[in-house]
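Colleague: Enclosed is the structure file final_14.pdb (PDB, C-alpha atoms).
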ATOM      1  CA  MET A   1      37.362 -36.493  19.185
ATOM      2  CA  SER A   2      35.907 -38.075  16.037
ATOM      3  CA  VAL A   3      33.425 -36.372  13.736
ATOM      4  CA  GLN A   4      30.696 -38.754  14.944
ATOM      5  CA  ALA A   5      31.387 -37.948  18.573
ATOM      6  CA  ARG A   6      31.264 -34.222  17.839
ATOM      7  CA  ARG A   7      27.886 -34.728  16.199
ATOM      8  CA  VAL A   8      26.583 -36.496  19.291
ATOM      9  CA  VAL A   9      27.805 -33.672  21.494
ATOM     10  CA  ALA A  10      26.089 -31.168  19.224
ATOM     11  CA  VAL A  11      22.839 -33.117  19.374
ATOM     12  CA  PHE A  12      22.863 -33.368  23.161
ATOM     13  CA  THR A  13      23.830 -29.719  23.491
ATOM     14  CA  SER A  14      20.906 -28.718  21.293
ATOM     15  CA  LEU A  15      18.535 -30.913  23.262
ATOM     16  CA  SER A  16      19.715 -29.464  26.558
ATOM     17  CA  LEU A  17      19.242 -25.934  25.269
ATOM     18  CA  LEU A  18      15.770 -26.810  24.066
ATOM     19  CA  ALA A  19      14.987 -28.349  27.451
ATOM     20  CA  GLY A  20      16.119 -25.167  29.153
ATOM     21  CA  CYS A  21      13.963 -23.050  26.872
ATOM     22  CA  ALA A  22      10.915 -25.317  26.890
ATOM     23  CA  THR A  23       7.842 -23.541  28.124
ATOM     24  CA  PRO A  24       6.156 -25.367  31.025
ATOM     25  CA  LEU A  25       2.425 -25.767  31.220
ATOM     26  CA  THR A  26       0.602 -22.565  31.933
ATOM     27  CA  ARG A  27      -1.078 -22.153  35.299
ATOM     28  CA  ASP A  28      -4.436 -22.965  33.715
ATOM     29  CA  GLY A  29      -2.855 -26.066  32.196
ATOM     30  CA  ARG A  30      -1.650 -27.227  35.602
ATOM     31  CA  ILE A  31      -4.587 -26.353  37.849
ATOM     32  CA  GLY A  32      -7.425 -25.497  35.466
ATOM     33  CA  SER A  33      -8.960 -22.159  34.602
ATOM     34  CA  ASP A  34     -10.765 -19.992  37.120
ATOM     35  CA  ASP A  35     -14.509 -20.185  36.528
ATOM     36  CA  GLY A  36     -15.253 -17.999  39.539
ATOM     37  CA  THR A  37     -17.019 -20.730  41.528
ATOM     38  CA  ASP A  38     -14.140 -22.147  43.592
ATOM     39  CA  SER A  39     -13.857 -20.503  47.001
ATOM     40  CA  CYS A  40     -10.441 -22.181  47.487
ATOM     41  CA  ARG A  41      -8.938 -20.808  44.265
ATOM     42  CA  SER A  42      -6.542 -18.356  45.946
ATOM     43  CA  GLN A  43      -5.086 -21.133  48.120
ATOM     44  CA  LEU A  44      -4.641 -23.370  45.072
ATOM     45  CA  VAL A  45      -2.864 -20.605  43.145
ATOM     46  CA  ALA A  46      -0.568 -20.032  46.128
ATOM     47  CA  LEU A  47       0.431 -23.717  46.206
ATOM     48  CA  ASP A  48       0.976 -23.866  42.458
ATOM     49  CA  SER A  49       3.214 -20.793  42.508
ATOM     50  CA  THR A  50       5.575 -22.405  45.020
ATOM     51  CA  GLY A  51       6.019 -25.447  42.786
ATOM     52  CA  ASN A  52       7.775 -23.383  40.112
ATOM     53  CA  PHE A  53      10.617 -22.567  42.491
ATOM     54  CA  PHE A  54      11.363 -26.175  43.383
ATOM     55  CA  ALA A  55      11.185 -27.586  39.850
ATOM     56  CA  GLU A  56      13.524 -25.184  38.070
ATOM     57  CA  ASP A  57      17.118 -25.839  39.108
ATOM     58  CA  ILE A  58      16.903 -29.634  39.124
ATOM     59  CA  LEU A  59      16.104 -29.675  35.422
ATOM     60  CA  LYS A  60      19.025 -27.359  34.709
ATOM     61  CA  GLY A  61      21.391 -29.606  36.671
ATOM     62  CA  ALA A  62      20.248 -32.689  34.769
ATOM     63  CA  ALA A  63      20.648 -30.922  31.412
ATOM     64  CA  LEU A  64      24.182 -29.789  32.254
ATOM     65  CA  GLY A  65      25.019 -33.302  33.410
ATOM     66  CA  ALA A  66      23.782 -34.780  30.148
ATOM     67  CA  VAL A  67      25.970 -32.454  28.083
ATOM     68  CA  GLY A  68      29.022 -33.062  30.280
ATOM     69  CA  GLY A  69      28.430 -36.795  30.179
ATOM     70  CA  ALA A  70      28.138 -36.768  26.411
ATOM     71  CA  LEU A  71      31.437 -34.918  26.122
ATOM     72  CA  LEU A  72      33.155 -37.350  28.467
ATOM     73  CA  GLY A  73      31.626 -40.448  26.922
ATOM     74  CA  GLY A  74      32.417 -39.309  23.402
ATOM     75  CA  ALA A  75      35.983 -38.397  24.273
ATOM     76  CA  ILE A  76      36.611 -41.748  25.932
ATOM     77  CA  GLY A  77      34.663 -43.998  23.608
ATOM     78  CA  GLN A  78      35.385 -42.120  20.370
ATOM     79  CA  ASN A  79      31.983 -43.171  19.071
ATOM     80  CA  TRP A  80      28.253 -42.481  19.190
ATOM     81  CA  ARG A  81      27.636 -45.235  21.716
ATOM     82  CA  GLY A  82      30.195 -43.844  24.158
ATOM     83  CA  ALA A  83      28.660 -40.382  23.955
ATOM     84  CA  ALA A  84      25.137 -41.727  24.454
ATOM     85  CA  ILE A  85      26.161 -43.776  27.490
ATOM     86  CA  GLY A  86      28.068 -40.809  28.867
ATOM     87  CA  ALA A  87      25.020 -38.593  28.419
ATOM     88  CA  ALA A  88      22.787 -40.974  30.358
ATOM     89  CA  THR A  89      25.351 -41.264  33.148
ATOM     90  CA  GLY A  90      25.925 -37.530  33.131
ATOM     91  CA  ALA A  91      22.209 -36.802  33.440
ATOM     92  CA  ALA A  92      22.035 -38.858  36.622
ATOM     93  CA  ALA A  93      25.205 -37.278  38.002
ATOM     94  CA  GLY A  94      24.011 -33.806  37.062
ATOM     95  CA  ALA A  95      20.740 -34.288  38.896
ATOM     96  CA  ALA A  96      22.461 -35.682  41.990
ATOM     97  CA  GLY A  97      25.579 -33.518  42.255
ATOM     98  CA  GLY A  98      25.240 -30.678  39.786
ATOM     99  CA  TYR A  99      24.545 -28.158  42.532
ATOM    100  CA  LEU A 100      27.749 -28.925  44.439
ATOM    101  CA  TYR A 101      29.811 -28.859  41.247
ATOM    102  CA  ALA A 102      28.381 -25.471  40.262
ATOM    103  CA  GLN A 103      29.064 -24.072  43.731
ATOM    104  CA  GLN A 104      32.641 -25.344  43.682
ATOM    105  CA  GLN A 105      33.222 -23.658  40.338
ATOM    106  CA  ARG A 106      31.944 -20.325  41.650
ATOM    107  CA  ASN A 107      33.593 -20.484  45.076
ATOM    108  CA  LYS A 108      37.268 -21.361  45.155
ATOM    109  CA  ASP A 109      37.754 -21.436  48.934
ATOM    110  CA  GLN A 110      35.952 -23.322  51.706
ATOM    111  CA  ALA A 111      34.662 -20.232  53.513
ATOM    112  CA  SER A 112      32.922 -18.763  50.472
ATOM    113  CA  LEU A 113      31.603 -22.205  49.470
ATOM    114  CA  THR A 114      30.072 -22.711  52.916
ATOM    115  CA  ALA A 115      28.574 -19.218  52.976
ATOM    116  CA  SER A 116      27.037 -19.654  49.526
ATOM    117  CA  ILE A 117      25.462 -23.009  50.410
ATOM    118  CA  ALA A 118      24.134 -21.563  53.678
ATOM    119  CA  GLY A 119      22.565 -18.645  51.822
ATOM    120  CA  ASP A 120      20.843 -20.989  49.389
ATOM    121  CA  LEU A 121      19.571 -23.120  52.270
ATOM    122  CA  GLU A 122      18.047 -20.052  53.921
ATOM    123  CA  ARG A 123      16.137 -19.277  50.721
ATOM    124  CA  GLU A 124      15.140 -22.924  50.325
ATOM    125  CA  ASN A 125      13.782 -23.064  53.863
ATOM    126  CA  ALA A 126      11.809 -19.851  53.378
ATOM    127  CA  GLU A 127      10.216 -21.266  50.226
ATOM    128  CA  LEU A 128       9.455 -24.536  51.999
ATOM    129  CA  ASP A 129       7.661 -22.576  54.715
ATOM    130  CA  ARG A 130       5.578 -20.837  52.032
ATOM    131  CA  THR A 131       4.757 -24.169  50.423
ATOM    132  CA  GLN A 132       3.752 -25.778  53.711
ATOM    133  CA  ILE A 133       1.460 -22.872  54.583
ATOM    134  CA  ALA A 134      -0.107 -22.867  51.115
ATOM    135  CA  PHE A 135      -0.786 -26.610  51.200
ATOM    136  CA  ASP A 136      -2.161 -26.515  54.745
ATOM    137  CA  GLN A 137      -4.521 -23.670  53.884
ATOM    138  CA  LEU A 138      -5.696 -25.374  50.699
ATOM    139  CA  MET A 139      -6.434 -28.681  52.428
ATOM    140  CA  ASP A 140      -8.187 -26.908  55.306
ATOM    141  CA  CYS A 141     -10.357 -25.131  52.750
ATOM    142  CA  ARG A 142     -11.232 -28.346  50.884
ATOM    143  CA  PHE A 143     -12.136 -30.332  53.994
ATOM    144  CA  ARG A 144     -14.273 -27.441  55.243
ATOM    145  CA  GLN A 145     -16.071 -27.400  51.897
ATOM    146  CA  ALA A 146     -16.870 -31.067  52.502
ATOM    147  CA  GLN A 147     -18.216 -30.209  55.957
ATOM    148  CA  THR A 148     -20.416 -27.499  54.419
ATOM    149  CA  ILE A 149     -21.869 -29.933  51.874
ATOM    150  CA  ARG A 150     -22.627 -32.496  54.587
ATOM    151  CA  ALA A 151     -24.284 -29.845  56.739
ATOM    152  CA  GLY A 152     -26.380 -28.675  53.781
ATOM    153  CA  VAL A 153     -27.600 -32.194  53.045
ATOM    154  CA  ALA A 154     -28.307 -32.780  56.742
ATOM    155  CA  ASN A 155     -30.448 -29.641  57.136
ATOM    156  CA  GLY A 156     -32.192 -30.084  53.798
ATOM    157  CA  SER A 157     -30.802 -26.989  52.076
ATOM    158  CA  ILE A 158     -28.996 -29.248  49.580
ATOM    159  CA  ASP A 159     -30.745 -32.165  47.884
ATOM    160  CA  ARG A 160     -28.948 -35.453  48.587
ATOM    161  CA  ALA A 161     -28.347 -36.197  44.902
ATOM    162  CA  ALA A 162     -26.936 -32.699  44.408
ATOM    163  CA  GLY A 163     -24.813 -33.145  47.515
ATOM    164  CA  GLN A 164     -23.373 -36.382  46.169
ATOM    165  CA  ALA A 165     -22.521 -34.685  42.874
ATOM    166  CA  GLN A 166     -20.872 -31.758  44.659
ATOM    167  CA  MET A 167     -18.903 -34.105  46.886
ATOM    168  CA  ALA A 168     -17.714 -36.151  43.901
ATOM    169  CA  GLN A 169     -16.476 -32.989  42.183
ATOM    170  CA  LEU A 170     -14.764 -31.852  45.378
ATOM    171  CA  ARG A 171     -13.113 -35.256  45.826
ATOM    172  CA  GLU A 172     -11.749 -35.158  42.277
ATOM    173  CA  ARG A 173     -10.409 -31.631  42.740
ATOM    174  CA  THR A 174      -8.725 -32.510  46.006
ATOM    175  CA  GLN A 175      -7.116 -35.633  44.583
ATOM    176  CA  ARG A 176      -5.634 -33.578  41.723
ATOM    177  CA  GLU A 177      -4.295 -31.033  44.190
ATOM    178  CA  ILE A 178      -2.740 -33.705  46.384
ATOM    179  CA  ALA A 179      -1.091 -35.122  43.248
ATOM    180  CA  LEU A 180       0.290 -31.631  42.567
ATOM    181  CA  ALA A 181       1.637 -31.498  46.131
ATOM    182  CA  GLU A 182       3.223 -34.939  45.674
ATOM    183  CA  THR A 183       5.001 -33.648  42.570
ATOM    184  CA  ILE A 184       6.251 -30.631  44.508
ATOM    185  CA  SER A 185       7.405 -32.910  47.335
ATOM    186  CA  GLN A 186       9.358 -35.043  44.877
ATOM    187  CA  SER A 187      11.085 -31.931  43.536
ATOM    188  CA  VAL A 188      11.785 -30.736  47.076
ATOM    189  CA  ASN A 189      13.415 -34.053  47.950
ATOM    190  CA  LYS A 190      15.513 -34.109  44.774
ATOM    191  CA  ARG A 191      16.818 -30.663  45.592
ATOM    192  CA  GLY A 192      17.265 -31.787  49.179
ATOM    193  CA  ALA A 193      19.523 -34.615  48.038
ATOM    194  CA  GLU A 194      21.706 -32.058  46.254
ATOM    195  CA  PHE A 195      21.853 -29.884  49.359
ATOM    196  CA  ASP A 196      22.705 -32.902  51.522
ATOM    197  CA  THR A 197      25.603 -33.793  49.232
ATOM    198  CA  ALA A 198      26.882 -30.221  49.270
ATOM    199  CA  VAL A 199      26.537 -29.767  53.036
ATOM    200  CA  GLU A 200      28.373 -33.012  53.768
ATOM    201  CA  THR A 201      31.302 -31.551  51.837
ATOM    202  CA  VAL A 202      31.567 -28.459  54.042
ATOM    203  CA  ALA A 203      30.131 -29.839  57.316
ATOM    204  CA  PRO A 204      30.658 -33.619  57.480
ATOM    205  CA  GLY A 205      28.002 -35.457  59.477
ATOM    206  CA  ALA A 206      25.527 -32.570  59.381
ATOM    207  CA  THR A 207      22.852 -34.539  57.530
ATOM    208  CA  LYS A 208      23.675 -37.933  59.015
ATOM    209  CA  ASN A 209      22.949 -37.055  62.638
ATOM    210  CA  VAL A 210      19.425 -35.702  62.140
ATOM    211  CA  SER A 211      16.807 -37.727  64.021
ATOM    212  CA  ARG A 212      14.153 -39.041  61.620
ATOM    213  CA  ASP A 213      12.357 -41.509  63.876
ATOM    214  CA  THR A 214       8.972 -42.453  62.399
ATOM    215  CA  SER A 215       8.192 -45.360  64.721
ATOM    216  CA  PHE A 216       4.904 -45.602  66.623
ATOM    217  CA  ARG A 217       4.218 -46.687  70.202
ATOM    218  CA  ASN A 218       1.136 -48.375  71.582
ATOM    219  CA  ALA A 219      -0.905 -46.190  73.923
ATOM    220  CA  GLN A 220      -4.420 -45.509  75.174
ATOM    221  CA  ILE A 221      -6.432 -42.320  74.715
ATOM    222  CA  SER A 222      -7.777 -41.180  78.081
ATOM    223  CA  ARG A 223     -10.755 -39.176  76.757
ATOM    224  CA  ALA A 224     -12.848 -38.889  73.614
ATOM    225  CA  THR A 225     -10.912 -36.691  71.209
ATOM    226  CA  PRO A 226     -11.432 -35.429  67.654
ATOM    227  CA  LEU A 227      -8.868 -36.385  65.026
ATOM    228  CA  ARG A 228      -7.578 -33.371  63.138
ATOM    229  CA  LEU A 229      -6.094 -33.062  59.684
ATOM    230  CA  ARG A 230      -3.081 -31.160  61.003
ATOM    231  CA  PRO A 231      -1.428 -30.676  64.423
ATOM    232  CA  ASP A 232      -3.376 -27.482  65.006
ATOM    233  CA  ALA A 233      -6.527 -26.769  67.017
ATOM    234  CA  ALA A 234      -7.879 -24.730  64.087
ATOM    235  CA  SER A 235      -7.484 -27.627  61.640
ATOM    236  CA  PRO A 236     -10.616 -29.432  60.357
ATOM    237  CA  GLU A 237     -11.830 -32.502  62.219
ATOM    238  CA  ILE A 238     -11.601 -35.686  60.145
ATOM    239  CA  GLY A 239     -12.762 -38.237  62.712
ATOM    240  CA  ASN A 240     -12.979 -39.108  66.390
ATOM    241  CA  VAL A 241     -11.255 -41.391  68.872
ATOM    242  CA  ASP A 242     -13.269 -42.869  71.715
ATOM    243  CA  ALA A 243     -12.156 -42.674  75.332
ATOM    244  CA  ARG A 244      -9.857 -45.531  76.373
ATOM    245  CA  ALA A 245      -9.313 -46.512  72.737
ATOM    246  CA  ALA A 246      -6.042 -48.286  71.979
ATOM    247  CA  VAL A 247      -4.026 -46.428  69.347
ATOM    248  CA  LYS A 248      -0.573 -46.239  67.854
ATOM    249  CA  VAL A 249       1.049 -42.889  68.554
ATOM    250  CA  ARG A 250       4.044 -40.786  67.537
ATOM    251  CA  PRO A 251       4.585 -37.290  68.983
ATOM    252  CA  VAL A 252       5.239 -34.625  66.348
ATOM    253  CA  SER A 253       5.596 -31.642  68.690
ATOM    254  CA  ALA A 254       5.324 -30.803  72.366
ATOM    255  CA  ASN A 255       1.547 -30.398  72.034
ATOM    256  CA  TYR A 256       0.415 -32.811  69.309
ATOM    257  CA  ALA A 257       0.830 -36.433  68.304
ATOM    258  CA  LEU A 258      -0.041 -38.403  65.183
ATOM    259  CA  VAL A 259      -2.225 -41.395  66.028
ATOM    260  CA  GLU A 260      -3.479 -44.386  64.106
ATOM    261  CA  THR A 261      -6.703 -46.009  65.254
ATOM    262  CA  ALA A 262      -7.551 -49.706  65.190
ATOM    263  CA  SER A 263      -9.406 -49.119  61.899
ATOM    264  CA  GLY A 264      -6.287 -47.595  60.318
ATOM    265  CA  GLN A 265      -7.491 -43.983  60.309
ATOM    266  CA  ARG A 266      -4.799 -41.422  61.066
ATOM    267  CA  GLY A 267      -5.029 -37.927  62.467
ATOM    268  CA  TYR A 268      -3.573 -35.578  65.041
ATOM    269  CA  VAL A 269      -4.633 -35.259  68.679
ATOM    270  CA  PRO A 270      -3.359 -33.100  71.557
ATOM    271  CA  THR A 271      -0.778 -34.853  73.710
ATOM    272  CA  GLU A 272      -2.942 -33.936  76.719
ATOM    273  CA  ALA A 273      -5.425 -36.563  75.486
ATOM    274  CA  PHE A 274      -3.050 -39.150  76.971
ATOM    275  CA  ALA A 275      -3.076 -39.577  80.733
ATOM    276  CA  ASN A 276       0.531 -40.763  80.703
ATOM    277  CA  ARG A 277       2.452 -38.439  78.397
ATOM    278  CA  ARG A 278       5.759 -40.103  79.154
ATOM    279  CA  ALA A 279       4.431 -43.344  77.711
ATOM    280  CA  ILE A 280       4.058 -41.798  74.249
ATOM    281  CA  GLY A 281       7.629 -40.477  74.107
ATOM    282  CA  THR A 282       8.786 -37.078  72.917
ATOM    283  CA  ALA A 283       9.110 -35.497  69.509
ATOM    284  CA  PRO A 284      12.633 -35.037  68.105
ATOM    285  CA  VAL A 285      13.971 -31.560  68.770
ATOM    286  CA  VAL A 286      15.350 -29.836  65.683
ATOM    287  CA  ARG A 287      17.432 -26.748  66.310
ATOM    288  CA  ALA A 288      16.221 -23.752  64.350
ATOM    289  CA  GLY A 289      18.400 -22.873  61.391
ATOM    290  CA  VAL A 290      20.927 -20.183  62.255
ATOM    291  CA  PRO A 291      21.582 -17.702  59.420
ATOM    292  CA  GLY A 292      24.956 -18.433  57.864
ATOM    293  CA  ASP A 293      25.329 -21.807  59.612
ATOM    294  CA  ALA A 294      25.122 -24.537  56.978
ATOM    295  CA  ARG A 295      24.960 -27.322  59.573
ATOM    296  CA  SER A 296      21.859 -26.091  61.426
ATOM    297  CA  LEU A 297      20.207 -24.884  58.223
ATOM    298  CA  ALA A 298      20.650 -28.335  56.682
ATOM    299  CA  ALA A 299      19.088 -30.023  59.722
ATOM    300  CA  SER A 300      16.095 -27.677  59.665
ATOM    301  CA  ASN A 301      15.776 -28.210  55.906
ATOM    302  CA  ILE A 302      15.545 -31.973  56.410
ATOM    303  CA  ALA A 303      12.875 -31.451  59.083
ATOM    304  CA  ARG A 304      10.873 -29.199  56.754
ATOM    305  CA  ARG A 305      11.114 -31.702  53.905
ATOM    306  CA  ASP A 306       9.955 -34.537  56.142
ATOM    307  CA  ASN A 307       7.103 -32.472  57.574
ATOM    308  CA  PHE A 308       5.830 -31.492  54.134
ATOM    309  CA  SER A 309       6.030 -35.063  52.866
ATOM    310  CA  GLU A 310       4.147 -36.316  55.926
ATOM    311  CA  SER A 311       1.447 -33.661  55.568
ATOM    312  CA  VAL A 312       0.882 -34.664  51.933
ATOM    313  CA  THR A 313       0.661 -38.339  52.892
ATOM    314  CA  GLN A 314      -1.732 -37.519  55.725
ATOM    315  CA  ALA A 315      -3.971 -35.451  53.432
ATOM    316  CA  LYS A 316      -4.021 -38.253  50.866
ATOM    317  CA  THR A 317      -5.002 -40.788  53.523
ATOM    318  CA  ALA A 318      -7.702 -38.513  54.944
ATOM    319  CA  ALA A 319      -9.088 -37.744  51.486
ATOM    320  CA  ALA A 320      -9.639 -41.443  50.805
ATOM    321  CA  SER A 321     -12.645 -41.382  53.154
ATOM    322  CA  GLY A 322     -13.092 -37.689  53.900
ATOM    323  CA  PHE A 323     -15.343 -36.812  50.976
ATOM    324  CA  GLU A 324     -18.350 -38.998  51.606
ATOM    325  CA  LEU A 325     -21.834 -38.014  52.727
ATOM    326  CA  ALA A 326     -23.093 -39.399  55.998
ATOM    327  CA  ALA A 327     -25.262 -42.483  55.617
ATOM    328  CA  GLY A 328     -28.858 -41.569  55.068
TER     329      GLY A 328
END
Please go through the file and, once you have read it, give me the structure as structure tokens.

Modeller:
Amino acid sequence: MSVQARRVVAVFTSLSLLAGCATPLTRDGRIGSDDGTDSCRSQLVALDSTGNFFAEDILKGAALGAVGGALLGGAIGQNWRGAAIGAATGAAAGAAGGYLYAQQQRNKDQASLTASIAGDLERENAELDRTQIAFDQLMDCRFRQAQTIRAGVANGSIDRAAGQAQMAQLRERTQREIALAETISQSVNKRGAEFDTAVETVAPGATKNVSRDTSFRNAQISRATPLRLRPDAASPEIGNVDARAAVKVRPVSANYALVETASGQRGYVPTEAFANRRAIGTAPVVRAGVPGDARSLAASNIARRDNFSESVTQAKTAAASGFELAAG
């Protein structure tokens, strides 16, 4: 390797080490300081804390890929340009397949490789459950704050101008928090791509046969029904559907379906709101992840990723019109 190529490798190695040691934004930098007035602060902190888990390893994989790519590019090209191109290629490869490569280096036989991937998937799924709960609780809290402001304006305990100001502040907060959740979802899906690659190596077809049907059917609501933010009777109401209204529907569980009204508003309703349940179809059944079984754990991981992504999208859609005062 030439002197120039060695210099490039040294530069990229230094940069990767700096990237690994870089201090991320503090919690206050990410979500703002606690001024003691936000009743949803604990839920926000819980969501933020889960994001650290999902962001960490992807960055390490990309850094390792950049260094490896620089070494390869420099060795082949014998010049600065070859090392730079190799670094860029390596960064992409590191982000996409660094996890599998690292596992293969640590586990020299198929049985230990499979067991290690399965163990990581169990931890990933547990963290995804924590993230989903934290996000659900935070959004429930925000939409209930909006309901409280509306009720205060309606009964005269809050001046309308003050109510509008409070609602504007709440809308801005919620939009920032949804953006945070979108960032977490992106990290989750990047890690998911690494898991999918690894699982396909030890259990071919495991990630390819998972049902991910997102199509809607046309149906009619049989009775007036509130639209909810989540598929849960305790979730805040974000709208209503009139009896005999034509909607688009997709079941998400045995008891709830996501519907889209003629106006484009989306929310969840009980499947019992449809007189003909067969007409709306059935939700895909995902087998629960079995400890130690990479195949079932991968399928349940995909379902969790999709569910979190959909919940973030649904919250973003609901927030677009969910923080307005009633006309008055």

Colleague: Restricting the calculation to all atoms listed in the file: of A:Arg266, A:Arg30, A:Arg244, A:Arg250, which residue gets closest to A:Ala315?

Modeller: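 Nearest to A:Ala315: A:Arg266.
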
Colleague: Expanded to explicit residues, what is the PyMOL selection byres ((chain A and resi 189) around 12) for this file, as an MDAnalysis selection string?

Modeller: chainID A and resid 54:55 58 95:96 124 128 182:188 190:196 301:309

Colleague: Leaving out A:Gln169 and any residue of its chain fewer than 2 positions from it, which residues lie within 12 Å of it when counting only C-alpha atoms, given as a ChimeraX atom specification?

Modeller: /A:38,142,145-146,149,162-167,171-176,323-324

Colleague: Excluding stretch 106-116 of chain A and any residue of its chain fewer than 3 positions from it, enumerate the residues within 12 Å of it, using only C-alpha atoms, and give them as a PyMOL selection string.

Modeller: chain A and resi 99-103+119-123+195+198-204+291-295+297-298

Colleague: Counting all atoms listed in the file, which of A:Asp129, A:Glu310, A:Asp136, A:Asp28 gets nearest to A:Thr50?

Modeller: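 Of the candidates, the smallest distance to A:Thr50 is held by A:Asp129.
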
Colleague: Please, what distance in Å, to one decimal, runs between atom CA of A:Ala299 and atom CA of A:Pro284?

Modeller: 11.7 Å

Colleague: Quick check, in Å to one decimal: how far apart do atom CA of A:Gln314 and atom CA of A:Arg230 lie?

Modeller: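 One can read the atom CA of A:Gln314 to atom CA of A:Arg230 distance as 8.4 Å.
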
Colleague: Counting only C-alpha atoms, which residue out of A:Ala318, A:Leu227, A:Ala161, A:Ala206 sits closest to A:Ser300?

Modeller: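 Checking each of A:Ala318, A:Leu227, A:Ala161, A:Ala206 against A:Ser300, counting only C-alpha atoms, the winner is A:Ala206.
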
Colleague: If I take atom CA of A:Gly239 and atom CA of A:Gln265, how far is one from the other in Å, to one decimal?

Modeller: 8.2 Å

Colleague: Closest to A:Arg41 among A:Val241, A:Ile178, A:Val285, A:Cys141, using only C-alpha atoms?

Modeller: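 Checking each candidate against A:Arg41, we get A:Cys141 as the closest.
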
Colleague: Compare A:Lys248, A:Val290, A:Ser42, A:Pro226 by their minimum atom-to-atom distance to A:Ala118, counting only C-alpha atoms, and give me the closest one.

Modeller: A:Val290

Colleague: Report as an mmCIF file with C-alpha atoms, in the frame of the given file the residues that result from applying the PyMOL selection byres ((chain A and resi 267) around 6) to the structure here.

Modeller:
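The resulting file, result-v7.cif, is reproduced below:
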data_model
loop_
_atom_site.group_PDB
_atom_site.id
_atom_site.type_symbol
_atom_site.label_atom_id
_atom_site.label_comp_id
_atom_site.auth_asym_id
_atom_site.auth_seq_id
_atom_site.Cartn_x
_atom_site.Cartn_y
_atom_site.Cartn_z
ATOM 1 C CA LEU A 227 -8.868 -36.385 65.026
ATOM 2 C CA ARG A 228 -7.578 -33.371 63.138
ATOM 3 C CA LEU A 229 -6.094 -33.062 59.684
ATOM 4 C CA LEU A 258 -0.041 -38.403 65.183
ATOM 5 C CA VAL A 259 -2.225 -41.395 66.028
ATOM 6 C CA ARG A 266 -4.799 -41.422 61.066
ATOM 7 C CA TYR A 268 -3.573 -35.578 65.041
#

Colleague: Restricting the calculation to all atoms listed in the file: of A:Ser311, A:Thr148, A:Ser296, A:Ser215, which residue gets closest to A:Asn125?

Modeller: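 Once distances to A:Asn125 are computed over all atoms listed in the file, the minimum belongs to A:Ser296.
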